[in-house]
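Student: Sharing a structure, written as structure tokens. Questions coming.
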Amino acid sequence: MTNPMQKTKYILLAVALLLPVAIHAQSFEGLWATGSALDGGTVQLTKRPDGLFRFAGALKAGELKIMTTETFVQGTTQFLKPSYVDSYLINHGLRYGLTKDESQEGWVVSFQEDTYRFLVDPVNRTVTGELMLPWNEVLIAGSAFLGGSNSVEWDRNAMLPFTRDHNQPYVFTWTGELGVYSDVVEPGRFKLEGQMTWGPRELHPFVQDEDILQASQMRTGGDDTKWRVSQNGTYRITVNLFTETIHAELLNLPGTTSPTAVIATEDKRQSGEVVSVYDLSGRPLDKPRKGINLMRMADGSVRKVICKE
């Protein structure tokens with residue numbers, strides 16, 4: 001006959017086996033890639049603001065190891081060891097453990113390519129890898145440019161395209177007017193899309209309302225955070241999809257180049273101080289052109305003006 005105390009122990013043991021194993025978040029000061037898949041030496045991974053570590057670069061067929069110090073130090077250096085034998089670097093997220101044994105197997109790189117990327121997630125203890133392919137387009141969406149939104153919502157059909165660098169297929173640049181405008185939803189905010197609609201490809205800052213002039217890193221997907229414009233003016237924004245980096249320059253402030261102008265409208269002529277002129281895509285113009293122009297006045301208002309000559 002089973003002892004009641006023993007029966008209770010068996011039940012508790014069974015329950016414990018059914019409970020999920022808690023994963024404790026790890027904290028690394030830095031991580032480095034090494035191994036025969038690299039040409040030699042080590043490459044430091046980029047630490048993202050969210051605590052994940054990113055690698056973007058060329059690899060060749062061989063073994064890749066991820067370690068916690070730049071050079072191997074016996075008894076100190078730890079390696080991120082795959083939980084399974086023959087774990088390929090290209091994967092959807094494989095668990096790893098830590099070991100100080102340098103002889104333990106690393107990650108398998110099966111062929112040479114220039115566009116490997118992988119992420120180390122210390123919270124979930126996973127490594128996720130891919131081959132990055134170029135996007136067809138990048139577009140800016142939001143209320144930080146003229147015509148991008150109204151008082152209710154952003155207009156996805158009003159997105160403005162970036163220009164691809166012909167020599168670097170992952171690099172895109174956009175130049176145009178950005179600012180904090182009235183009578184729009186989410187004034188001064190924007191994000192980037194990889195197609196003329198909302199998702200699936202989107203680029204975001206790691207924190208909401210990051211000043212675009214202070215931004216350096218971005219992420220693909222995730223929470224719907226947006227960048228913020230703190231100054232009105234003409235901007236040049238450059239993104240590198242492969243390294244997930246972003247850089248913005250403020251080229252000039254409103255009113256620094258445009259003279260006072262007399263404008264021809266549909267049915268009358270009106271005189272006013274025009275501080276800047278743009279086409280319907282929000283690109284700055286040296287002077288009004290025949291057709292519809294967007295005029296920013298000295299009082300901050302924006303007028304849609306038809307020039308007949």
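Letters A, B, ... go to the chains of the structure tokens in the order shown; residues in each chain start at 1; ligands are counted from 1 in the same order.
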I want to know what sits within 8 Å of region 240-254 of chain A, based on only C-alpha atoms, with residues of the same chain fewer than 6 positions away left out; could you give that as an MDAnalysis selection string?
Tutor: chainID A and resid 56 115 132 134 170:172 212:220 231:234 275:276
Student: Within 6 Å of region 188-200 of chain A, which residues of region 103-184 of chain A come that close, and what is the closest atom pair and distance in Å for each? Count only C-alpha atoms and give it as JSON lines.
Tutor:
{"residue": "A:Glu137", "atom": "CA", "partner": "A:Gly194", "partner_atom": "CA", "distance": 5.6}
{"residue": "A:Val138", "atom": "CA", "partner": "A:Gly194", "partner_atom": "CA", "distance": 4.7}
{"residue": "A:Leu139", "atom": "CA", "partner": "A:Glu193", "partner_atom": "CA", "distance": 5.1}
{"residue": "A:Ile140", "atom": "CA", "partner": "A:Leu192", "partner_atom": "CA", "distance": 4.7}
{"residue": "A:Ala141", "atom": "CA", "partner": "A:Phe190", "partner_atom": "CA", "distance": 5.5}
{"residue": "A:Gly142", "atom": "CA", "partner": "A:Phe190", "partner_atom": "CA", "distance": 4.2}
{"residue": "A:Ser143", "atom": "CA", "partner": "A:Arg189", "partner_atom": "CA", "distance": 5.7}
{"residue": "A:Ala144", "atom": "CA", "partner": "A:Gly188", "partner_atom": "CA", "distance": 4.2}
{"residue": "A:Arg156", "atom": "CA", "partner": "A:Thr197", "partner_atom": "CA", "distance": 5.8}
{"residue": "A:Gly179", "atom": "CA", "partner": "A:Gly188", "partner_atom": "CA", "distance": 5.7}
{"residue": "A:Val180", "atom": "CA", "partner": "A:Gly188", "partner_atom": "CA", "distance": 4.2}
Student: Please produce a file of the residues just selected, as a PDB file, in the first residue's frame, where the atoms kept are N, CA and C atoms.
Tutor:
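Final output, part_0.pdb:
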ATOM      1  N   GLU A 137      11.734  48.772 -52.368  1.00  0.00           N
ATOM      2  CA  GLU A 137      11.496  50.194 -52.122  1.00  0.00           C
ATOM      3  C   GLU A 137      11.442  50.488 -50.636  1.00  0.00           C
ATOM      4  N   VAL A 138      11.637  51.750 -50.307  1.00  0.00           N
ATOM      5  CA  VAL A 138      11.457  52.277 -48.962  1.00  0.00           C
ATOM      6  C   VAL A 138      10.692  53.581 -49.102  1.00  0.00           C
ATOM      7  N   LEU A 139       9.690  53.789 -48.247  1.00  0.00           N
ATOM      8  CA  LEU A 139       8.865  54.990 -48.329  1.00  0.00           C
ATOM      9  C   LEU A 139       8.693  55.592 -46.939  1.00  0.00           C
ATOM     10  N   ILE A 140       8.556  56.910 -46.895  1.00  0.00           N
ATOM     11  CA  ILE A 140       8.290  57.601 -45.639  1.00  0.00           C
ATOM     12  C   ILE A 140       6.786  57.817 -45.511  1.00  0.00           C
ATOM     13  N   ALA A 141       6.252  57.538 -44.332  1.00  0.00           N
ATOM     14  CA  ALA A 141       4.815  57.665 -44.079  1.00  0.00           C
ATOM     15  C   ALA A 141       4.607  58.423 -42.780  1.00  0.00           C
ATOM     16  N   GLY A 142       3.566  59.246 -42.734  1.00  0.00           N
ATOM     17  CA  GLY A 142       3.275  59.931 -41.480  1.00  0.00           C
ATOM     18  C   GLY A 142       2.752  61.332 -41.659  1.00  0.00           C
ATOM     19  N   SER A 143       2.840  62.106 -40.601  1.00  0.00           N
ATOM     20  CA  SER A 143       2.303  63.470 -40.589  1.00  0.00           C
ATOM     21  C   SER A 143       3.402  64.519 -40.586  1.00  0.00           C
ATOM     22  N   ALA A 144       4.667  64.100 -40.692  1.00  0.00           N
ATOM     23  CA  ALA A 144       5.772  65.052 -40.627  1.00  0.00           C
ATOM     24  C   ALA A 144       6.073  65.700 -41.970  1.00  0.00           C
ATOM     25  N   ARG A 156      -1.959  56.368 -46.481  1.00  0.00           N
ATOM     26  CA  ARG A 156      -0.957  55.448 -47.021  1.00  0.00           C
ATOM     27  C   ARG A 156      -0.665  55.722 -48.487  1.00  0.00           C
ATOM     28  N   GLY A 179       8.374  68.647 -40.883  1.00  0.00           N
ATOM     29  CA  GLY A 179       8.063  69.628 -39.859  1.00  0.00           C
ATOM     30  C   GLY A 179       6.911  69.191 -38.985  1.00  0.00           C
ATOM     31  N   VAL A 180       6.587  70.030 -38.025  1.00  0.00           N
ATOM     32  CA  VAL A 180       5.451  69.802 -37.128  1.00  0.00           C
ATOM     33  C   VAL A 180       4.328  70.701 -37.610  1.00  0.00           C
TER      34      VAL A 180
END
Student: Taking 5 positions as the minimum chain separation for residues in the same chain, which residues sit within 9 Å of Gln112 (chain A) when counting only C-alpha atoms? Answer as a list of chain:residue names.
Tutor: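 Here the answer would be A:Ala37, A:Ala58, A:Leu59, A:Lys60, A:Ala61, A:Gly62.
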Student: What is the CA of Trp32 (chain A) to CA of Leu133 (chain A) distance in Å?
Tutor: 23.9 Å
Student: Which residues come within 10 Å of Phe118 (chain A), counting only C-alpha atoms, excluding same-chain residues fewer than 3 positions away, as an MDAnalysis selection string?
Tutor: chainID A and resid 45 53:57 89:91 93 121 127:132
Student: Hey, can you check how far CA of Phe111 (chain A) sits from CA of Gly221 (chain A)?
Tutor: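 Between these atoms lies a distance of 27.6 Å.
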Student: Would you please extract all strand (DSSP E) residues from region 28-153 of chain A, as assigned by DSSP on the backbone, and give them as a PyMOL selection string?
Tutor: chain A and resi 32-34+43-44+46-47+53-59+62-67+79-82+91-99+107-109+113-121+126-131+139-142
Student: Counting only C-alpha atoms, which residue out of A:His166, A:Arg125, A:Leu64, A:Ala33 sits closest to Ser110 (chain A)?
Tutor: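 Among the listed residues, the smallest separation from Ser110 (chain A) belongs to A:Leu64.
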Student: Go through region 147-269 of chain A and collect every residue that DSSP, computed from the backbone, puts in helix (DSSP H, G or I); the answer should be as a VMD selection string.
Tutor: chain A and resid 156 to 158 212 to 214
Student: Expressed in Å to a single decimal, how great is the separation between CA of Val302 (chain A) and CA of Gly176 (chain A)?
Tutor: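 One can read the CA of Val302 (chain A) to CA of Gly176 (chain A) distance as 15.4 Å.
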Student: Which residue gives the smallest distance to Ile66 (chain A) among A:Arg296, A:Arg164, A:Lys81, A:Arg228, with only C-alpha atoms counted?
Tutor: A:Lys81
Student: Counting only C-alpha atoms, figure out which residue out of A:Thr46, A:Gln208, A:Ser27, A:Thr68 gets nearest to Arg117 (chain A).
Tutor: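 Among the listed residues, the smallest separation from Arg117 (chain A) belongs to A:Thr46.
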Student: Rank A:Asp50, A:Glu210, A:Asp165, A:Asp279 by their smallest atom-to-atom distance to Leu146 (chain A), using only C-alpha atoms, and report the top residue only.
Tutor: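 Result for the nearest residue to Leu146 (chain A): A:Asp279.
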Student: Please determine, counting only C-alpha atoms, which residue among A:Val305, A:Val229, A:Val85, A:Leu160 has the shortest atom-to-atom distance to Ile292 (chain A).
Tutor: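 Ranked by minimum distance to Ile292 (chain A), first place goes to A:Val305.
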